[in-house]
Amino acid sequence: MPKYLAARAILGGLVCLTSWSAEARDRLLIVGSSTVFPFATAVAEKVGEDGMKFPIVESTGTGGGFDLFCEGAGVATPDITNASRRMKPSEFENCRANGVTPVEVVIGYDGIVLANSREGPKFALTLEQIFEALAEKLPRDGAIENNPNLFWSDIDASLPAEKIEVLGPPPTSGTRDAFEELAMEEGCEIVGGLEADLCTRIRHDGSFVEAGENDDLIVGALTANPVTVGIFGYSFLAKNSDQIQSVGVNAVDPSFENIASGKYPLSRPLYFYIKKEHVGLVPGIEDYVAAFTSEEAWGDDGYLAARGLIPLAADARLHQAEEARALAELHL
């Protein structure tokens with residue numbers, strides 16, 4: 001068992017952190033996005049193998065990670081939080097009110113993927129069709145009604161005559177935030193006829209199921225039910241491509257090249273945030289950041305690209321590495 005996993009087991013989860021408030025901590029505590037989790041754990045393994053105490057990495061979701069990160073400074077709170085969207089102004093204000101100075105690092109790109117089992121039908125969707133499948137309300141004959149679409153073929157006869165069942169992230173997830181912005185809002189604009197506050201309201205009649213922050217569980221559910229569609233980050237598609245297949249969006253598949261170029265419509269940047277007050281308080285922060293921002297890790301041929309991270313351009317990587325090592329404070 002990797003040492004960082006053993007440390008997680010000893011801790012028994014984040015609920016135990018409050019008992020650390022009066023004690024020193026000799027290893028990093030990292031929380032946040034389930035999408036960034038596999039990249040953070042890969043770097044944690046590398047620095048641990050190189051002699052640093054294995055960091056503890058917890059997948060709490062982006063929103064949950066920001067809540068924990070911004071609670072305050074001190075060893076009872078995380079040192080770093082991962083995020084699959086940028087910190088919101090309200091979260092930044094919460095951090096600053098609690099004496100936390102975030103340092104933002106953009107680590108690369110990811111695509112929000114829709115996928116189903118390789119044993120199921122292969123199909124593609126437009127942003128409009130995604131919205132018509134998942135919106136709580138739709139305009140019909142001049143009125144706003146509950147979404148009547150029960151089968152994919154109800155939306156378009158060319159789609160599978162299968163019940164709409166989509167497993168996706170909860171509201172605490174950055175993937176959910178990004179999906180609502182990139183897919184639901186864009187699809188809503190194409191459909192037209194709805195007030196803005198209805199555009200991101202996802203149906204709750206059983207066609208969409210919140211599947212938690214564990215993307216591996218979603219992949220498992222897809223293999224068990226070939227007609228179910230899951231929503232998660234590209235890295236999980238890349239890791240499980242022998243079991244699941246992508247659902248194209250606007251006739252574009254979520255390939256490495258299409259996400260890196262921005263051609264794929266559900267592309268987004270990924271981040272982690274350093275708590276500046278913990279540098280010098282908890283050992284290993286600067287070493288971990290240096291390891292993550294090294295070409296060996298996040299470069300074009302780095303080990304994170306092999307796990308599904310879409311690298312930044314070389315000049316952007318250089319800039320982000322310099323900003324991270326200088327601990328440049330975030331300003332929104």
# chains A, B, ... in the order shown; residues from 1 in each chain; ligands from 1
>>> residues_around(residues="Arg307 of chain A", least_positions_apart="5", cutoff="10 Å", atoms="only C-alpha atoms", output="MDAnalysis selection string")
chainID A and resid 38:39 42 234:236 238:239 302
>>> write_last_selection(atoms="N, CA and C atoms", output="tab-separated table (two decimals), in the first residue's frame")
chain	number	residue	atom	x	y	z
A	38	PRO	N	-6.27	12.41	-9.39
A	38	PRO	CA	-5.25	11.47	-9.89
A	38	PRO	C	-3.92	12.13	-10.21
A	39	PHE	N	-3.94	13.40	-10.62
A	39	PHE	CA	-2.68	14.10	-10.90
A	39	PHE	C	-1.95	14.44	-9.60
A	42	ALA	N	-0.42	11.33	-8.16
A	42	ALA	CA	0.79	10.93	-8.90
A	42	ALA	C	1.99	11.73	-8.43
A	234	TYR	N	-11.79	14.13	-18.57
A	234	TYR	CA	-11.16	13.36	-19.65
A	234	TYR	C	-10.21	12.29	-19.13
A	235	SER	N	-9.51	12.57	-18.04
A	235	SER	CA	-8.51	11.60	-17.56
A	235	SER	C	-9.14	10.25	-17.24
A	236	PHE	N	-10.40	10.25	-16.79
A	236	PHE	CA	-11.06	8.99	-16.47
A	236	PHE	C	-11.47	8.24	-17.73
A	238	ALA	N	-9.62	8.46	-20.51
A	238	ALA	CA	-8.34	7.94	-20.99
A	238	ALA	C	-7.92	6.70	-20.22
A	239	LYS	N	-8.16	6.70	-18.92
A	239	LYS	CA	-7.74	5.58	-18.06
A	239	LYS	C	-8.61	4.35	-18.28
A	302	GLY	N	5.43	14.56	-19.96
A	302	GLY	CA	5.51	14.26	-18.54
A	302	GLY	C	4.59	13.12	-18.11
>>> select_by_dssp(residues="segment 77-174 of chain A", states="helix (DSSP H, G or I)", output="PyMOL selection string")
chain A and resi 89-97+127-134+152-155+174
>>> select_by_dssp(residues="segment 77-227 of chain A", states="strand (DSSP E or B)", output="count of residues only")
40
>>> closest_atom_pairs(of="segment 80-193 of chain A", to="segment 284-298 of chain A", cutoff="10 Å", atoms="only C-alpha atoms", output="tab-separated table")
residue	atom	partner	partner_atom	distance
A:Ile80	CA	A:Ile285	CA	8.4
A:Val105	CA	A:Thr293	CA	9.1
A:Val106	CA	A:Thr293	CA	9.8
A:Ile107	CA	A:Trp298	CA	7.4
A:Gly108	CA	A:Trp298	CA	7.8
>>> residues_around(residues="segment 30-33 of chain A", least_positions_apart="3", cutoff="9 Å", atoms="only C-alpha atoms", output="JSON, numbers by chain")
{"A": [36, 37, 40, 55, 56, 57, 58, 59, 60, 61, 62, 63, 64, 65, 66, 68, 69, 78, 79, 80, 81, 82, 83, 84, 85, 173, 174, 175, 213, 272]}
>>> residues_around(residues="Val247 of chain A", least_positions_apart="4", cutoff="7 Å", atoms="only C-alpha atoms", output="mmCIF file with N, CA and C atoms, in the first residue's frame")
data_model
loop_
_atom_site.group_PDB
_atom_site.id
_atom_site.type_symbol
_atom_site.label_atom_id
_atom_site.label_comp_id
_atom_site.auth_asym_id
_atom_site.auth_seq_id
_atom_site.Cartn_x
_atom_site.Cartn_y
_atom_site.Cartn_z
ATOM 1 N N LEU A 114 -18.769 13.145 -21.745
ATOM 2 C CA LEU A 114 -19.944 12.292 -21.632
ATOM 3 C C LEU A 114 -19.556 10.956 -22.246
ATOM 4 N N ALA A 115 -19.849 9.874 -21.538
ATOM 5 C CA ALA A 115 -19.409 8.562 -22.016
ATOM 6 C C ALA A 115 -20.385 7.483 -21.579
ATOM 7 N N PHE A 123 -23.071 7.016 -29.908
ATOM 8 C CA PHE A 123 -23.813 8.143 -30.451
ATOM 9 C C PHE A 123 -23.141 9.449 -30.070
ATOM 10 N N ALA A 124 -23.647 10.537 -30.632
ATOM 11 C CA ALA A 124 -23.106 11.867 -30.365
ATOM 12 C C ALA A 124 -24.271 12.808 -30.095
ATOM 13 N N LEU A 125 -23.978 13.908 -29.390
ATOM 14 C CA LEU A 125 -25.008 14.877 -29.025
ATOM 15 C C LEU A 125 -24.545 16.284 -29.371
#
>>> atom_distance(atom1="atom CA of Asp67 of chain A", atom2="atom CA of Asn214 of chain A")
18.5 Å
>>> atom_distance(atom1="atom CA of Glu128 of chain A", atom2="atom CA of Asp205 of chain A")
19.7 Å
>>> closest_residue(among="A:Leu330, A:Ala321, A:Val191, A:Val113", to="Gln245 of chain A", atoms="only C-alpha atoms")
A:Val113
>>> atom_distance(atom1="atom CA of Glu185 of chain A", atom2="atom CA of Lys163 of chain A")
23.3 Å
>>> residues_around(residues="Gly230 of chain A", least_positions_apart="3", cutoff="8 Å", atoms="only C-alpha atoms", output="list in words")
Val113, Leu114, Ala115, Asn116, Val166, Leu167, Gly168, Ile218, Val219 and Leu222 of chain A
>>> decode(residues="segment 91-104 of chain A", atoms="all heavy atoms", output="short mmCIF file (atom, residue, chain, number, x, y, z; two decimals), in the first residue's frame")
data_model
loop_
_atom_site.label_atom_id
_atom_site.label_comp_id
_atom_site.auth_asym_id
_atom_site.auth_seq_id
_atom_site.Cartn_x
_atom_site.Cartn_y
_atom_site.Cartn_z
N GLU A 91 -15.63 32.90 -2.62
CA GLU A 91 -14.69 31.99 -1.94
C GLU A 91 -13.39 32.72 -1.61
O GLU A 91 -12.82 32.53 -0.52
CB GLU A 91 -14.42 30.78 -2.83
CG GLU A 91 -15.63 29.87 -2.98
CD GLU A 91 -15.55 28.91 -4.14
OE1 GLU A 91 -14.81 29.20 -5.12
OE2 GLU A 91 -16.25 27.89 -4.11
N PHE A 92 -12.94 33.56 -2.54
CA PHE A 92 -11.74 34.34 -2.29
C PHE A 92 -11.96 35.28 -1.09
O PHE A 92 -11.10 35.40 -0.21
CB PHE A 92 -11.39 35.15 -3.54
CG PHE A 92 -10.21 36.07 -3.37
CD1 PHE A 92 -8.93 35.57 -3.32
CD2 PHE A 92 -10.40 37.45 -3.26
CE1 PHE A 92 -7.84 36.42 -3.17
CE2 PHE A 92 -9.32 38.29 -3.12
CZ PHE A 92 -8.04 37.78 -3.07
N GLU A 93 -13.12 35.93 -1.04
CA GLU A 93 -13.42 36.82 0.08
C GLU A 93 -13.49 36.06 1.39
O GLU A 93 -13.03 36.56 2.43
CB GLU A 93 -14.75 37.54 -0.19
CG GLU A 93 -14.67 38.56 -1.32
CD GLU A 93 -16.03 39.04 -1.79
OE1 GLU A 93 -17.04 38.67 -1.13
OE2 GLU A 93 -16.10 39.76 -2.81
N ASN A 94 -14.01 34.84 1.37
CA ASN A 94 -14.06 34.01 2.57
C ASN A 94 -12.65 33.67 3.03
O ASN A 94 -12.34 33.72 4.23
CB ASN A 94 -14.85 32.73 2.29
CG ASN A 94 -15.02 31.86 3.51
OD1 ASN A 94 -15.24 32.35 4.62
ND2 ASN A 94 -14.92 30.56 3.32
N CYS A 95 -11.79 33.32 2.08
CA CYS A 95 -10.38 33.03 2.41
C CYS A 95 -9.73 34.24 3.09
O CYS A 95 -9.14 34.12 4.17
CB CYS A 95 -9.61 32.68 1.14
SG CYS A 95 -9.46 30.92 0.77
N ARG A 96 -9.84 35.39 2.46
CA ARG A 96 -9.17 36.57 2.98
C ARG A 96 -9.73 36.98 4.35
O ARG A 96 -9.00 37.42 5.24
CB ARG A 96 -9.30 37.74 2.00
CG ARG A 96 -8.67 37.48 0.63
CD ARG A 96 -7.19 37.08 0.70
NE ARG A 96 -6.36 38.19 1.15
CZ ARG A 96 -5.44 38.09 2.09
NH1 ARG A 96 -5.23 36.94 2.72
NH2 ARG A 96 -4.71 39.13 2.41
N ALA A 97 -11.05 36.81 4.54
CA ALA A 97 -11.66 37.14 5.83
C ALA A 97 -11.14 36.24 6.94
O ALA A 97 -11.10 36.65 8.11
CB ALA A 97 -13.18 37.02 5.73
N ASN A 98 -10.72 35.02 6.57
CA ASN A 98 -10.22 34.06 7.55
C ASN A 98 -8.70 34.01 7.61
O ASN A 98 -8.12 33.08 8.17
CB ASN A 98 -10.78 32.67 7.26
CG ASN A 98 -12.27 32.58 7.52
OD1 ASN A 98 -12.79 33.24 8.42
ND2 ASN A 98 -12.96 31.77 6.74
N GLY A 99 -8.06 35.02 7.01
CA GLY A 99 -6.60 35.10 7.10
C GLY A 99 -5.85 34.17 6.18
O GLY A 99 -4.70 33.81 6.46
N VAL A 100 -6.47 33.77 5.07
CA VAL A 100 -5.84 32.85 4.12
C VAL A 100 -5.50 33.60 2.84
O VAL A 100 -6.36 34.27 2.26
CB VAL A 100 -6.76 31.66 3.79
CG1 VAL A 100 -6.16 30.80 2.68
CG2 VAL A 100 -7.02 30.83 5.04
N THR A 101 -4.25 33.48 2.40
CA THR A 101 -3.79 34.08 1.16
C THR A 101 -3.59 32.99 0.11
O THR A 101 -2.63 32.22 0.18
CB THR A 101 -2.46 34.83 1.37
OG1 THR A 101 -2.60 35.76 2.43
CG2 THR A 101 -2.03 35.54 0.09
N PRO A 102 -4.50 32.86 -0.87
CA PRO A 102 -4.36 31.81 -1.88
C PRO A 102 -3.35 32.20 -2.96
O PRO A 102 -3.28 33.35 -3.39
CB PRO A 102 -5.76 31.69 -2.48
CG PRO A 102 -6.65 32.59 -1.68
CD PRO A 102 -5.76 33.60 -1.03
N VAL A 103 -2.58 31.21 -3.38
CA VAL A 103 -1.70 31.33 -4.53
C VAL A 103 -2.24 30.40 -5.60
O VAL A 103 -2.36 29.19 -5.38
CB VAL A 103 -0.25 30.95 -4.17
CG1 VAL A 103 0.64 30.96 -5.42
CG2 VAL A 103 0.30 31.88 -3.09
N GLU A 104 -2.61 30.94 -6.75
CA GLU A 104 -3.27 30.16 -7.80
C GLU A 104 -2.26 29.62 -8.80
O GLU A 104 -1.38 30.35 -9.27
CB GLU A 104 -4.28 31.05 -8.52
CG GLU A 104 -5.04 30.35 -9.65
CD GLU A 104 -5.99 31.32 -10.33
OE1 GLU A 104 -5.53 32.07 -11.23
OE2 GLU A 104 -7.18 31.33 -9.96
#
